[in-house]
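These notes are about the structure you will find just below.
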Amino acid sequence: MTDGTGGEVAAWPLLLGVRHHGPGSARAVRAALDAYEPGAVLIEGPPEADGIVGLAADAGMRPPVALLAHAADDPGRAGFWPLAGFSPEWAAIQWALARGVPVRFIDLPAANSLAMAASKPSEPEPEPESEPGPGPDGRVRPDPLAALAEAAGYDDPERWWEDVVEHRGTGSGPEPSAPLAPFTAVAEAMAALRAEYGDGGHEDDAVREAHMRLRLRQARREFGDQVAVVCGAWHVPALARRATVTADRALLRGLPRVKAEMSWVPWTHRRLARHSGYGAGITSPGWYGHLFHAPDRPLERWLTTVARLLRDEDMAVSSAHVIEAVRLAETLAALRGRPLAGLAETMDAVQAVMCDGSEVPLALVRDRLVVGDALGEVPETAPAVPLQRDLTRTQRSLRLRPEAADRELELDLRKENDAARSRLLHRLRLLGVDWGTPAASRGSTGTFRETWRLRWEPELAVRVAEAGIWGTTVLSAATARAESEAVGATALAEVTELAERCLLAGLADALPVVMRALADRAALATDVGHLARALPALVRSVRYGDVRATDTAALTEVAAGLAERVLVGFPPACAGLGPDGAAEMCAHMESVHRAVGLLAEASRPPAGDSGTGPEPAARCGADRDGADRDGGLRGRWAGALRGIAGRDGVPGLIRGRAARLLLDDGRLAEDEAARLMGLALSPGTAPPEAAAWVEGFLGGEAGGGMLLVHDERLLGLVDHWLTGVSAEAFTDVLPLLRRTFSAYDAGVRRTLGELVRRGPAGPDHGVPGGAPGLSAPAAPGFGPGLDARRAAAAEPVVRLLLGLTPAAPAPDHHHALEAAG
Amino acid sequence: MTVTVSGTETNKSAEVLRPHAEHAFADELSALAAADDRPRPARWRLSPWAVATYLLGGTLPDGTVITPKYVGPRRIVEVAVTTLATDRALLLLGVPGTAKTWVSEHLAAAVSGDSTLLVQGTAGTPEEAIRYGWNYARLLAHGPSREALVPSPVMRAMAEGLTARVEELTRIPADVQDTLITVLSEKTLPIPELGEEVQAVRGFNLIATANDRDRGVNELSSALRRRFNTVVLPLPATPEDEVDIVARRVAQTGRALDLPEVPEGIDEIRRVVTVFRELRQGVTADGRTKVKSPSGTLSTAEAISVVTGGLALAAHFGDGVLRAGDVAAGILGAVVRDPAADRVVWQEYLEAVVRERDGWGDFYRACREVSA
């Protein structure tokens, strides 16, 4: 590359072709400006920003920030020009403002670029002129930079640019006398490239460059010839080219226009990074910032910072590690033939020396340092952000005025306007703007009603401004915020709650991200309790979705997945629990049971949606889910319950409740229930354990007592067991029993008492070890008369015992066993 | 320096079962050395750049084709070679079957032209294997002297400026491991019996390998760990690579065990590899569902043994075609190492991933059958 140019006379105007956000470019720009002291600085950016560029010198302004242009009537149409501390444009602005040198932006006005973006066929990402990508960064089209890099023997164009341009003159610089040398070299290379590639597929470039040329002419008329232009290297040849005013004017004629407004908004390093929306294509803003700001020895300083971060995370990293890492990085750079150790070498060295080859701490370094969490600030005097405008507009259209006084608002979600209001308030809450807080409804408790307490306080305006970072409309900002929270959430419950809030706020676009996060957290959660706690909320969300007519297919799918995991993990988690743990697990089991029932409803085609009562568990489902008896979710959950009910080692409370849930669902024959109860209450079981079983089976919901009223056999079993409990054990089981029976309605209790009193000849009669059915076959039991069916059931056994011919052995044998048990 | 060089007689490579790397690839090494005009560190046979080329493959200006010895990320080889060029020792970590030993052998062959200075680490590796031993006959006859001393490979490498290798470093008892600290930091090996020492000459370095997911190993002390730059050799990057490796190795072992030829097993192999990869990485192949990872390593080597076992089943007891049922039991055994926790992981995987997958019905049923 040539280097003889620098030193003396420069060709005015000074064309400083840069790579946007290149720290080396920023240094070079600063050096060139210092050396040549131009009378005005022109920058590639929307001219509407001329008026607010002065704010960049404000004490309250701290990069990274972005220039934001938005259509005045539609804040959703917006473009961003992010500027980091290490951006050449920022360096030039700061240089000029510090010396009182006028700054002008020369790119196509945002008024035109926003309009042009809108007229293009649907572009999903509102990324009209967020040109500040790395210069001619053509991700889809053939990349001219890549061609240059390839010619130089590099496989990565970014690295080539770094080696050739950015890493030149870091520190003192090899040729301090020639501050223009890099720019001349780059300009030549770009001229060669553009001769070959034309506009490289960026159709708008011709128009933009025509505008830049016009603005340049205008500036030269105004400030004389001595002006400097800071623009993407790609545009330098076009600006140097001679073109007539008329030709340029002709190109600009008839461009669409919208009314555009400009403002400064705070930005973050994360958003500069490529992988978050509006990315500026900078994968390593933290590293660039370091390169730009480090006074000297960037490698040593960087590795020291890394060591400090790792030490804070309790990793043993000593100075010796830093020394070795520096050596490794430098040798690696030499091996790879690079002039200086770049980020790749540095990270390789950190991994091999400081992290024992592990990827995990490396990810931390990448997140905290390479990207970094720098957050910009803008002064309060900056013009209002579009988010505020959007909010004002929405408030007006929904007839919901911000008032300082407390006010209660009753919403009926079936009405269009009310639903929109509710969504707005929920979205604002997601953004941290607590204008309304949900209050308990006074009247109806239906899911279609919501009550809010509204109160607009002045600081909420600040909150809105802060939230401006998330987007330009309430909807897009809330979506972005929710997505970011979902990604950042650690606990499963956080994400389920977020999912619920997303549904309430009608953030359909955020839902896939949230669902994904949810599925991921659920997959990794090891505590079934957490999963079980998350499931009901999720299933509830599925139902909310119904009320609000949102598409909940994804949600249902995730909920089913979650249920699946609960199903697998639940039975083993029930074993070996203490009394408190058992109570908790029992509650989980009930809520999961309800959720599974609801879910099975939801995933079915909406047959009887309105019929979905609050207590589906109480409904006898035997008639309707024959289909999923074995394969479906409900069927398999029932299988799991059956396993729990019959498993030793599971606390009695849980076993009893499992049996009860099955019985209520009609999945457990009454005979079978009696058998289980007989097992649980048999003399081999410790009385407290048996009492816990009774509590599980008969306690809980209010309907528990009715079972005893209606099924006398069960009552008989309980009665029989209770009278058999020894005196000392009785005091142990009494509290449990009391807890169980005191929960019954007074009426139920009385009926039970009467039943017990009325049947004195009951099981007592036939006891010790004998089968009650045998000793008193014709006795009424608790019933008023002879039960022909039950008598028939017992008859074959009697025959058997008496040596008579058995009628039908197989089923009856079963009955006999049961009676004996 | 009078250290007896024990017999590496000129190999009749045709007869040995497995020639050393420096013999097997002698042509490539000499072609590289001839073409190599870059600076070489002291006593290196090749420049670091040429060593990297030797491992990663390439074509020399004179048209010689260098076969790739290691297929994997370039940066790993670069970091490894660079580490050897600084005076830090190199630790290659990885689960079994990630070519640690292979890489270490070829690095030593390319750097020093000698890959035989090897210490095999076991639970019973004594200090003598790393420092020196004695020829007791001589010791008794003539008293302690350099003649009576039997140098270890490490000692020889130090004296001659070569690359020493330690295999399975973490299997060596901790106190024996720490013998290496002096060697690596002071670059010297004292011989108190003689009042002498062996100082490492330039060019000496050490490559150690260790298995990072093995249980019951002796963790390196932090003092020793600090002397190493660590490079983790990853498992095969893409499913296709892994399927390829498994299929090839299974064919080899199948021949060695004289198993009858089993046709069209590739689909089943792909399935096994998919299951292993998904469980190992904790995410399904389409990247859409996370799954828990079991406690076992699930390395490529285990996938190979599962498939080999399945083949044996199919050949001897089945109809000669590798089917889902033949590999199901093997997979269960490989996945469920911890009877409680891993079983839940496996069942979750079965229900959440396998059951939903098209065309995997037979596999799901087979797994259910053996899991029950």
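Lettering and numbering for the structure tokens are positional, with chains as A, B, ... in the shown order, residues counted from 1 in each chain, and ligands counted from 1 in the shown order.
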Among range 219-302 of chain B, which residues does DSSP mark as strand (DSSP E or B) when it is run on the backbone? Keep the chain and numbering as in the structure and answer as a list in words.
Phe228, Asn229, Thr230, Val231, Val232, Val283 and Lys290 of chain B
Dump as a PDB file, in the first residue's frame, selection limited to N, CA and C atoms:
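Okay, selection14.pdb is ready:
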ATOM      1  N   PHE B 228       0.246 -26.208  32.526  1.00  0.00           N
ATOM      2  CA  PHE B 228      -0.267 -26.690  31.240  1.00  0.00           C
ATOM      3  C   PHE B 228      -1.151 -25.664  30.569  1.00  0.00           C
ATOM      4  N   ASN B 229      -1.069 -25.619  29.256  1.00  0.00           N
ATOM      5  CA  ASN B 229      -2.153 -25.013  28.488  1.00  0.00           C
ATOM      6  C   ASN B 229      -3.100 -26.147  28.112  1.00  0.00           C
ATOM      7  N   THR B 230      -4.382 -25.914  28.283  1.00  0.00           N
ATOM      8  CA  THR B 230      -5.326 -27.000  28.082  1.00  0.00           C
ATOM      9  C   THR B 230      -6.071 -26.836  26.761  1.00  0.00           C
ATOM     10  N   VAL B 231      -6.131 -27.896  26.022  1.00  0.00           N
ATOM     11  CA  VAL B 231      -6.913 -27.884  24.791  1.00  0.00           C
ATOM     12  C   VAL B 231      -7.919 -29.023  24.880  1.00  0.00           C
ATOM     13  N   VAL B 232      -9.178 -28.700  24.726  1.00  0.00           N
ATOM     14  CA  VAL B 232     -10.206 -29.738  24.781  1.00  0.00           C
ATOM     15  C   VAL B 232     -10.510 -30.203  23.362  1.00  0.00           C
ATOM     16  N   VAL B 283     -29.893 -31.330  23.643  1.00  0.00           N
ATOM     17  CA  VAL B 283     -30.851 -30.659  22.772  1.00  0.00           C
ATOM     18  C   VAL B 283     -31.073 -31.561  21.559  1.00  0.00           C
ATOM     19  N   LYS B 290     -35.063 -28.995  24.306  1.00  0.00           N
ATOM     20  CA  LYS B 290     -33.972 -29.356  25.194  1.00  0.00           C
ATOM     21  C   LYS B 290     -34.308 -30.657  25.906  1.00  0.00           C
TER      22      LYS B 290
END
Do you have, as a Markdown table, the list of residues of chain B lying at most 7 Å from chain A, each with its nearest atom pair and that distance in Å to one decimal, counting only C-alpha atoms and ordered by chain then number?
| residue | atom | partner | partner_atom | distance |
| --- | --- | --- | --- | --- |
| B:Pro48 | CA | A:Leu335 | CA | 6.9 |
| B:Trp49 | CA | A:Leu335 | CA | 6.1 |
| B:Val79 | CA | A:Leu332 | CA | 6.7 |
| B:Thr82 | CA | A:Leu332 | CA | 5.7 |
| B:Thr83 | CA | A:Leu328 | CA | 6.5 |
| B:Asn229 | CA | A:Val353 | CA | 4.9 |
| B:Thr230 | CA | A:Ala352 | CA | 4.6 |
| B:Val231 | CA | A:Gly357 | CA | 5.0 |
| B:Val232 | CA | A:Gly357 | CA | 5.3 |
| B:Thr289 | CA | A:Asp520 | CA | 6.7 |
| B:Lys290 | CA | A:Asp520 | CA | 5.2 |
| B:Val291 | CA | A:Ala523 | CA | 5.3 |
| B:Lys292 | CA | A:Leu524 | CA | 5.7 |
| B:Val344 | CA | A:Gly569 | CA | 6.3 |
| B:Gln347 | CA | A:Val568 | CA | 6.7 |
| B:Glu348 | CA | A:Arg565 | CA | 6.0 |
| B:Ala352 | CA | A:Gly561 | CA | 6.6 |
Those same residues - C-alpha atoms - I'd like them written as a short mmCIF file (atom, residue, chain, number, x, y, z; two decimals), in the first residue's frame.
data_model
loop_
_atom_site.label_atom_id
_atom_site.label_comp_id
_atom_site.auth_asym_id
_atom_site.auth_seq_id
_atom_site.Cartn_x
_atom_site.Cartn_y
_atom_site.Cartn_z
CA PRO B 48 5.23 -24.48 13.90
CA TRP B 49 3.45 -23.58 10.71
CA VAL B 79 -3.33 -23.52 19.83
CA THR B 82 1.68 -22.72 19.56
CA THR B 83 1.68 -24.03 23.10
CA ASN B 229 -2.15 -25.01 28.49
CA THR B 230 -5.33 -27.00 28.08
CA VAL B 231 -6.91 -27.88 24.79
CA VAL B 232 -10.21 -29.74 24.78
CA THR B 289 -36.27 -29.18 22.25
CA LYS B 290 -33.97 -29.36 25.19
CA VAL B 291 -33.49 -32.66 26.95
CA LYS B 292 -31.63 -33.59 30.09
CA VAL B 344 -36.00 -40.53 34.52
CA GLN B 347 -37.94 -41.96 30.01
CA GLU B 348 -38.41 -38.27 29.55
CA ALA B 352 -40.94 -36.23 24.85
#
Polymer residues at most 7 Å from range 359-371 of chain B, only C-alpha atoms, same-chain spacing of 3 or more positions, as an MDAnalysis selection string:
chainID B and resid 324:325 328:329 350 354:355
Quick one: distance from CA of Met589 in chain A to CA of Thr740 in chain A in Å, one decimal?
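These atoms are spaced 18.1 Å apart.
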I'd like the neighbourhood of Met190 in chain A as a PyMOL selection string, where a residue qualifies if any of its atoms comes within 8 Å (using only C-alpha atoms), though same-chain residues fewer than 2 positions away should be ignored.
chain A and resi 186-188+192-194+233-234+236-237
Since we have the selection now, will you write its residues out, keeping N, CA and C atoms, as a PDB file, in the first residue's frame?
ATOM      1  N   VAL A 186      -7.174   2.805   1.630  1.00  0.00           N
ATOM      2  CA  VAL A 186      -8.522   2.241   1.587  1.00  0.00           C
ATOM      3  C   VAL A 186      -9.298   2.805   0.405  1.00  0.00           C
ATOM      4  N   ALA A 187      -9.130   4.103   0.176  1.00  0.00           N
ATOM      5  CA  ALA A 187      -9.851   4.731  -0.927  1.00  0.00           C
ATOM      6  C   ALA A 187      -9.457   4.082  -2.240  1.00  0.00           C
ATOM      7  N   GLU A 188      -8.165   3.809  -2.396  1.00  0.00           N
ATOM      8  CA  GLU A 188      -7.713   3.168  -3.635  1.00  0.00           C
ATOM      9  C   GLU A 188      -8.337   1.794  -3.800  1.00  0.00           C
ATOM     10  N   ALA A 192     -10.984   0.521  -6.716  1.00  0.00           N
ATOM     11  CA  ALA A 192     -10.804  -0.666  -7.559  1.00  0.00           C
ATOM     12  C   ALA A 192     -12.013  -1.586  -7.447  1.00  0.00           C
ATOM     13  N   LEU A 193     -12.492  -1.741  -6.214  1.00  0.00           N
ATOM     14  CA  LEU A 193     -13.635  -2.611  -5.988  1.00  0.00           C
ATOM     15  C   LEU A 193     -14.867  -2.108  -6.716  1.00  0.00           C
ATOM     16  N   ARG A 194     -15.098  -0.800  -6.589  1.00  0.00           N
ATOM     17  CA  ARG A 194     -16.343  -0.285  -7.162  1.00  0.00           C
ATOM     18  C   ARG A 194     -16.276  -0.256  -8.672  1.00  0.00           C
ATOM     19  N   ALA A 233     -16.252   3.610   3.949  1.00  0.00           N
ATOM     20  CA  ALA A 233     -15.198   3.576   2.943  1.00  0.00           C
ATOM     21  C   ALA A 233     -15.783   3.331   1.562  1.00  0.00           C
ATOM     22  N   TRP A 234     -16.843   2.552   1.551  1.00  0.00           N
ATOM     23  CA  TRP A 234     -17.506   2.193   0.312  1.00  0.00           C
ATOM     24  C   TRP A 234     -17.897   3.414  -0.502  1.00  0.00           C
ATOM     25  N   VAL A 236     -16.477   6.404  -0.568  1.00  0.00           N
ATOM     26  CA  VAL A 236     -15.439   7.381  -0.885  1.00  0.00           C
ATOM     27  C   VAL A 236     -15.271   7.590  -2.390  1.00  0.00           C
ATOM     28  N   PRO A 237     -15.142   6.509  -3.176  1.00  0.00           N
ATOM     29  CA  PRO A 237     -14.951   6.743  -4.613  1.00  0.00           C
ATOM     30  C   PRO A 237     -16.098   7.543  -5.215  1.00  0.00           C
TER      31      PRO A 237
END
